[in-house]
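Raw coords03.txt, compact mmCIF, N, CA and C atoms:
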# COMPACT_ATOMS: atom_id res chain seq x y z
N MET A 1 24.65 15.57 -34.31
CA MET A 1 23.37 15.64 -34.95
C MET A 1 22.29 15.32 -33.92
N ALA A 2 21.26 16.13 -33.86
CA ALA A 2 20.19 15.97 -32.87
C ALA A 2 19.22 14.85 -33.29
N LYS A 3 18.63 14.23 -32.28
CA LYS A 3 17.64 13.20 -32.54
C LYS A 3 16.35 13.85 -33.05
N LYS A 4 15.68 13.16 -33.92
CA LYS A 4 14.40 13.65 -34.42
C LYS A 4 13.32 13.31 -33.40
N ARG A 5 12.55 14.30 -33.00
CA ARG A 5 11.50 14.10 -32.00
C ARG A 5 10.25 13.55 -32.67
N LYS A 6 9.63 12.58 -32.02
CA LYS A 6 8.40 11.98 -32.53
C LYS A 6 7.22 12.85 -32.12
N ALA A 7 6.18 12.84 -32.93
CA ALA A 7 4.98 13.63 -32.66
C ALA A 7 4.11 12.96 -31.59
N VAL A 8 3.36 13.77 -30.87
CA VAL A 8 2.40 13.26 -29.88
C VAL A 8 1.26 12.59 -30.63
N VAL A 9 0.87 11.40 -30.17
CA VAL A 9 -0.17 10.61 -30.83
C VAL A 9 -1.51 10.86 -30.13
N ASP A 10 -2.50 11.33 -30.87
CA ASP A 10 -3.84 11.56 -30.34
C ASP A 10 -4.61 10.24 -30.32
N LEU A 11 -5.08 9.83 -29.14
CA LEU A 11 -5.77 8.55 -28.99
C LEU A 11 -7.24 8.70 -28.58
N THR A 12 -7.80 9.89 -28.67
CA THR A 12 -9.18 10.09 -28.24
C THR A 12 -10.17 9.30 -29.09
N ALA A 13 -9.89 9.13 -30.37
CA ALA A 13 -10.82 8.42 -31.26
C ALA A 13 -10.89 6.93 -30.95
N GLU A 14 -9.86 6.37 -30.33
CA GLU A 14 -9.84 4.94 -30.03
C GLU A 14 -10.62 4.57 -28.78
N GLN A 15 -11.01 5.54 -27.96
CA GLN A 15 -11.81 5.31 -26.75
C GLN A 15 -11.18 4.25 -25.83
N LEU A 16 -9.89 4.38 -25.54
CA LEU A 16 -9.19 3.44 -24.67
C LEU A 16 -9.41 3.85 -23.21
N THR A 17 -9.90 2.91 -22.40
CA THR A 17 -10.14 3.17 -20.98
C THR A 17 -9.64 2.00 -20.15
N PHE A 18 -9.37 2.28 -18.88
CA PHE A 18 -9.00 1.24 -17.92
C PHE A 18 -9.38 1.70 -16.52
N GLU A 19 -9.47 0.74 -15.60
CA GLU A 19 -9.83 1.03 -14.22
C GLU A 19 -8.56 1.21 -13.39
N LEU A 20 -8.55 2.24 -12.56
CA LEU A 20 -7.45 2.50 -11.66
C LEU A 20 -8.05 2.84 -10.30
N ASP A 21 -7.85 1.96 -9.33
CA ASP A 21 -8.52 2.05 -8.02
C ASP A 21 -10.03 2.06 -8.26
N ASP A 22 -10.73 3.10 -7.85
CA ASP A 22 -12.19 3.17 -8.07
C ASP A 22 -12.55 4.15 -9.18
N LEU A 23 -11.56 4.57 -9.98
CA LEU A 23 -11.77 5.54 -11.04
C LEU A 23 -11.61 4.89 -12.41
N THR A 24 -12.26 5.48 -13.40
CA THR A 24 -12.09 5.06 -14.79
C THR A 24 -11.20 6.09 -15.46
N ALA A 25 -10.15 5.62 -16.11
CA ALA A 25 -9.20 6.50 -16.79
C ALA A 25 -9.41 6.38 -18.29
N LYS A 26 -9.56 7.52 -18.97
CA LYS A 26 -9.71 7.55 -20.42
C LYS A 26 -8.44 8.17 -21.00
N ILE A 27 -7.80 7.46 -21.94
CA ILE A 27 -6.55 7.91 -22.53
C ILE A 27 -6.83 8.95 -23.62
N LEU A 28 -6.15 10.10 -23.51
CA LEU A 28 -6.32 11.18 -24.48
C LEU A 28 -5.21 11.17 -25.53
N SER A 29 -3.95 11.10 -25.08
CA SER A 29 -2.83 11.14 -26.01
C SER A 29 -1.61 10.45 -25.41
N PHE A 30 -0.64 10.18 -26.28
CA PHE A 30 0.60 9.52 -25.89
C PHE A 30 1.77 10.32 -26.43
N ASP A 31 2.72 10.65 -25.56
CA ASP A 31 3.94 11.36 -25.96
C ASP A 31 5.09 10.37 -25.96
N PRO A 32 5.53 9.90 -27.13
CA PRO A 32 6.60 8.90 -27.19
C PRO A 32 7.97 9.44 -26.77
N ASN A 33 8.16 10.74 -26.77
CA ASN A 33 9.43 11.32 -26.35
C ASN A 33 9.63 11.21 -24.84
N ALA A 34 8.58 11.50 -24.09
CA ALA A 34 8.63 11.44 -22.63
C ALA A 34 8.07 10.13 -22.09
N MET A 35 7.50 9.29 -22.97
CA MET A 35 6.87 8.02 -22.58
C MET A 35 5.79 8.25 -21.51
N THR A 36 4.94 9.26 -21.75
CA THR A 36 3.83 9.55 -20.85
C THR A 36 2.52 9.62 -21.62
N LEU A 37 1.43 9.41 -20.89
CA LEU A 37 0.09 9.50 -21.44
C LEU A 37 -0.62 10.67 -20.79
N ARG A 38 -1.58 11.25 -21.49
CA ARG A 38 -2.47 12.27 -20.92
C ARG A 38 -3.80 11.58 -20.72
N LEU A 39 -4.36 11.68 -19.50
CA LEU A 39 -5.59 10.97 -19.14
C LEU A 39 -6.61 11.91 -18.52
N ASN A 40 -7.88 11.52 -18.63
CA ASN A 40 -8.96 12.11 -17.85
C ASN A 40 -9.45 11.03 -16.91
N PHE A 41 -9.69 11.37 -15.64
CA PHE A 41 -10.19 10.41 -14.66
C PHE A 41 -11.65 10.70 -14.36
N TYR A 42 -12.47 9.64 -14.34
CA TYR A 42 -13.90 9.76 -14.09
C TYR A 42 -14.31 8.88 -12.92
N ASN A 43 -15.25 9.37 -12.14
CA ASN A 43 -15.89 8.60 -11.09
C ASN A 43 -17.36 8.51 -11.49
N GLY A 44 -17.73 7.42 -12.14
CA GLY A 44 -19.06 7.33 -12.75
C GLY A 44 -19.08 8.21 -13.98
N ASP A 45 -20.01 9.15 -14.03
CA ASP A 45 -20.09 10.08 -15.17
C ASP A 45 -19.39 11.40 -14.88
N ARG A 46 -18.95 11.60 -13.65
CA ARG A 46 -18.37 12.88 -13.24
C ARG A 46 -16.85 12.85 -13.41
N MET A 47 -16.30 13.87 -14.09
CA MET A 47 -14.86 13.97 -14.28
C MET A 47 -14.22 14.44 -12.97
N VAL A 48 -13.23 13.68 -12.50
CA VAL A 48 -12.55 13.99 -11.25
C VAL A 48 -11.27 14.78 -11.51
N LYS A 49 -10.51 14.35 -12.51
CA LYS A 49 -9.24 15.01 -12.83
C LYS A 49 -9.10 15.08 -14.34
N SER A 50 -8.72 16.25 -14.83
CA SER A 50 -8.63 16.47 -16.27
C SER A 50 -7.19 16.62 -16.71
N ASP A 51 -6.84 16.00 -17.84
CA ASP A 51 -5.54 16.15 -18.49
C ASP A 51 -4.37 15.87 -17.54
N ALA A 52 -4.41 14.73 -16.88
CA ALA A 52 -3.35 14.33 -15.95
C ALA A 52 -2.28 13.54 -16.69
N ALA A 53 -1.02 13.72 -16.29
CA ALA A 53 0.09 12.96 -16.86
C ALA A 53 0.17 11.61 -16.15
N PHE A 54 0.50 10.55 -16.91
CA PHE A 54 0.56 9.20 -16.38
C PHE A 54 1.69 8.47 -17.10
N PRO A 55 2.58 7.79 -16.38
CA PRO A 55 3.70 7.11 -17.04
C PRO A 55 3.24 5.89 -17.83
N PHE A 56 3.83 5.69 -18.99
CA PHE A 56 3.49 4.56 -19.86
C PHE A 56 3.75 3.23 -19.16
N ALA A 57 4.77 3.16 -18.34
CA ALA A 57 5.14 1.92 -17.66
C ALA A 57 4.05 1.41 -16.72
N HIS A 58 3.18 2.28 -16.24
CA HIS A 58 2.13 1.89 -15.30
C HIS A 58 0.83 1.50 -15.99
N LEU A 59 0.81 1.54 -17.29
CA LEU A 59 -0.37 1.17 -18.08
C LEU A 59 -0.55 -0.34 -18.05
N PRO A 60 -1.81 -0.85 -17.99
CA PRO A 60 -2.03 -2.30 -18.06
C PRO A 60 -1.46 -2.89 -19.35
N LYS A 61 -0.98 -4.13 -19.26
CA LYS A 61 -0.28 -4.77 -20.36
C LYS A 61 -1.12 -4.83 -21.65
N ALA A 62 -2.41 -5.10 -21.53
CA ALA A 62 -3.28 -5.19 -22.71
C ALA A 62 -3.32 -3.87 -23.47
N LEU A 63 -3.32 -2.76 -22.75
CA LEU A 63 -3.35 -1.44 -23.40
C LEU A 63 -1.98 -1.04 -23.95
N LYS A 64 -0.91 -1.48 -23.31
CA LYS A 64 0.43 -1.17 -23.83
C LYS A 64 0.59 -1.70 -25.25
N GLN A 65 0.04 -2.88 -25.51
CA GLN A 65 0.15 -3.47 -26.83
C GLN A 65 -0.63 -2.68 -27.87
N ARG A 66 -1.72 -2.02 -27.45
CA ARG A 66 -2.53 -1.24 -28.40
C ARG A 66 -1.94 0.15 -28.65
N VAL A 67 -1.22 0.70 -27.67
CA VAL A 67 -0.64 2.04 -27.84
C VAL A 67 0.66 1.97 -28.63
N LYS A 68 1.50 0.98 -28.40
CA LYS A 68 2.76 0.72 -29.11
C LYS A 68 3.64 1.96 -29.25
N PRO A 69 4.61 2.13 -28.37
CA PRO A 69 5.47 3.30 -28.42
C PRO A 69 6.45 3.35 -29.57
N ASN A 70 6.71 2.25 -30.25
CA ASN A 70 7.72 2.24 -31.31
C ASN A 70 7.20 2.86 -32.55
How would this structure read if it were set down as structure tokens?
Amino acid sequence: MAKKRKAVVDLTAEQLTFELDDLTAKILSFDPNAMTLRLNFYNGDRMVKSDAAFPFAHLPKALKQRVKPN
């Protein structure tokens, strides 16, 4: 019997952000099957990288508790 796949969680409404080096990362969604996040990276007001994959394990601890993969 195959495992049931969990749906991707849209997190844009929660406005979750964190600093990574000199960039601000805004969380778009979370995929609990692959344990990855989709992010947009900003340098000030200018978007540097759009829809980048980011591993959940590298997320700051305070944000991990708010995303909750279970």
Report task. Extract the full set of helix (DSSP H, G or I) residues from chain A according to DSSP on the backbone, and format it as an NGL selection string. Result -> :A and (12-14 or 56-58 or 61-67)
Query raised in the report: So which residues of segment 11-60 of chain A fall under strand (DSSP E) by DSSP, listed as a ChimeraX atom specification?
Result: /A:17-20,23-31,36-43,46-55
Report summary line: What separates atom CA of Lys68 of chain A and atom CA of Ala52 of chain A is a distance of 19.9 Å
Query - Coordinates-based distance that separates atom CA of Phe30 of chain A from atom C of Pro55 of chain A (Å, one decimal) - result: 9.2 Å
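Between Asp31 of chain A and the candidates A:Ala13, A:Val8, A:Ala53, A:Val48, the tightest atom-to-atom separation, counting only C-alpha atoms, involves A:Val8.
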Tell me, as a PDB file with N, CA and C atoms, in the coordinates of the input, which residues lie within 8 Å of Ser29 of chain A, counting all atoms listed in the file; anything in the same chain fewer than 2 positions away does not count.
ATOM      1  N   VAL A   8       3.360  13.770 -30.870  1.00  0.00           N
ATOM      2  CA  VAL A   8       2.400  13.260 -29.880  1.00  0.00           C
ATOM      3  C   VAL A   8       1.260  12.590 -30.630  1.00  0.00           C
ATOM      4  N   VAL A   9       0.870  11.400 -30.170  1.00  0.00           N
ATOM      5  CA  VAL A   9      -0.170  10.610 -30.830  1.00  0.00           C
ATOM      6  C   VAL A   9      -1.510  10.860 -30.130  1.00  0.00           C
ATOM      7  N   ASP A  10      -2.500  11.330 -30.870  1.00  0.00           N
ATOM      8  CA  ASP A  10      -3.840  11.560 -30.340  1.00  0.00           C
ATOM      9  C   ASP A  10      -4.610  10.240 -30.320  1.00  0.00           C
ATOM     10  N   LEU A  11      -5.080   9.830 -29.140  1.00  0.00           N
ATOM     11  CA  LEU A  11      -5.770   8.550 -28.990  1.00  0.00           C
ATOM     12  C   LEU A  11      -7.240   8.700 -28.580  1.00  0.00           C
ATOM     13  N   THR A  12      -7.800   9.890 -28.670  1.00  0.00           N
ATOM     14  CA  THR A  12      -9.180  10.090 -28.240  1.00  0.00           C
ATOM     15  C   THR A  12     -10.170   9.300 -29.090  1.00  0.00           C
ATOM     16  N   LYS A  26      -9.560   7.520 -18.970  1.00  0.00           N
ATOM     17  CA  LYS A  26      -9.710   7.550 -20.420  1.00  0.00           C
ATOM     18  C   LYS A  26      -8.440   8.170 -21.000  1.00  0.00           C
ATOM     19  N   ILE A  27      -7.800   7.460 -21.940  1.00  0.00           N
ATOM     20  CA  ILE A  27      -6.550   7.910 -22.530  1.00  0.00           C
ATOM     21  C   ILE A  27      -6.830   8.950 -23.620  1.00  0.00           C
ATOM     22  N   ASP A  31       2.720  10.650 -25.560  1.00  0.00           N
ATOM     23  CA  ASP A  31       3.940  11.360 -25.960  1.00  0.00           C
ATOM     24  C   ASP A  31       5.090  10.370 -25.960  1.00  0.00           C
ATOM     25  N   PRO A  32       5.530   9.900 -27.130  1.00  0.00           N
ATOM     26  CA  PRO A  32       6.600   8.900 -27.190  1.00  0.00           C
ATOM     27  C   PRO A  32       7.970   9.440 -26.770  1.00  0.00           C
ATOM     28  N   THR A  36       4.940   9.260 -21.750  1.00  0.00           N
ATOM     29  CA  THR A  36       3.830   9.550 -20.850  1.00  0.00           C
ATOM     30  C   THR A  36       2.520   9.620 -21.620  1.00  0.00           C
ATOM     31  N   LEU A  37       1.430   9.410 -20.890  1.00  0.00           N
ATOM     32  CA  LEU A  37       0.090   9.500 -21.440  1.00  0.00           C
ATOM     33  C   LEU A  37      -0.620  10.670 -20.790  1.00  0.00           C
ATOM     34  N   ARG A  38      -1.580  11.250 -21.490  1.00  0.00           N
ATOM     35  CA  ARG A  38      -2.470  12.270 -20.920  1.00  0.00           C
ATOM     36  C   ARG A  38      -3.800  11.580 -20.720  1.00  0.00           C
ATOM     37  N   LEU A  39      -4.360  11.680 -19.500  1.00  0.00           N
ATOM     38  CA  LEU A  39      -5.590  10.970 -19.140  1.00  0.00           C
ATOM     39  C   LEU A  39      -6.610  11.910 -18.520  1.00  0.00           C
ATOM     40  N   ASN A  40      -7.880  11.520 -18.630  1.00  0.00           N
ATOM     41  CA  ASN A  40      -8.960  12.110 -17.850  1.00  0.00           C
ATOM     42  C   ASN A  40      -9.450  11.030 -16.910  1.00  0.00           C
TER      43      ASN A  40
END
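Taking atom CA of Leu16 of chain A and atom CA of Leu63 of chain A as endpoints, the distance between them is 7.7 Å.
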List as a JSON list (two decimals) with N, CA and C atoms, in the coordinates of the input the protein and nucleic acid residues near segment 56-61 of chain A, meaning an atom at most 8 Å away when only N, CA and C atoms are counted, but skip any in the same chain fewer than 4 places from it.
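The resulting file, selection_36.json, is shown below:
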[["chain", "number", "residue", "atom", "x", "y", "z"],
["A", 18, "PHE", "N", -9.37, 2.28, -18.88],
["A", 18, "PHE", "CA", -9.00, 1.24, -17.92],
["A", 18, "PHE", "C", -9.38, 1.70, -16.52],
["A", 34, "ALA", "N", 8.58, 11.50, -24.09],
["A", 34, "ALA", "CA", 8.63, 11.44, -22.63],
["A", 34, "ALA", "C", 8.07, 10.13, -22.09],
["A", 35, "MET", "N", 7.50, 9.29, -22.97],
["A", 35, "MET", "CA", 6.87, 8.02, -22.58],
["A", 35, "MET", "C", 5.79, 8.25, -21.51],
["A", 36, "THR", "N", 4.94, 9.26, -21.75],
["A", 36, "THR", "CA", 3.83, 9.55, -20.85],
["A", 36, "THR", "C", 2.52, 9.62, -21.62],
["A", 37, "LEU", "N", 1.43, 9.41, -20.89],
["A", 37, "LEU", "CA", 0.09, 9.50, -21.44],
["A", 37, "LEU", "C", -0.62, 10.67, -20.79],
["A", 65, "GLN", "N", 0.04, -2.88, -25.51],
["A", 65, "GLN", "CA", 0.15, -3.47, -26.83],
["A", 65, "GLN", "C", -0.63, -2.68, -27.87],
["A", 66, "ARG", "N", -1.72, -2.02, -27.45],
["A", 66, "ARG", "CA", -2.53, -1.24, -28.40],
["A", 66, "ARG", "C", -1.94, 0.15, -28.65]]
Report task. Between A:Asp51, A:Lys6, A:Val67, A:Tyr42, single out the one closest to Leu23 of chain A, counting only N, CA and C atoms. Result -> A:Tyr42
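Using all atoms listed in the file, the smallest distance between any of A:Ala2, A:Asp22, A:Leu28, A:Lys64 and Gly44 of chain A comes from A:Asp22.
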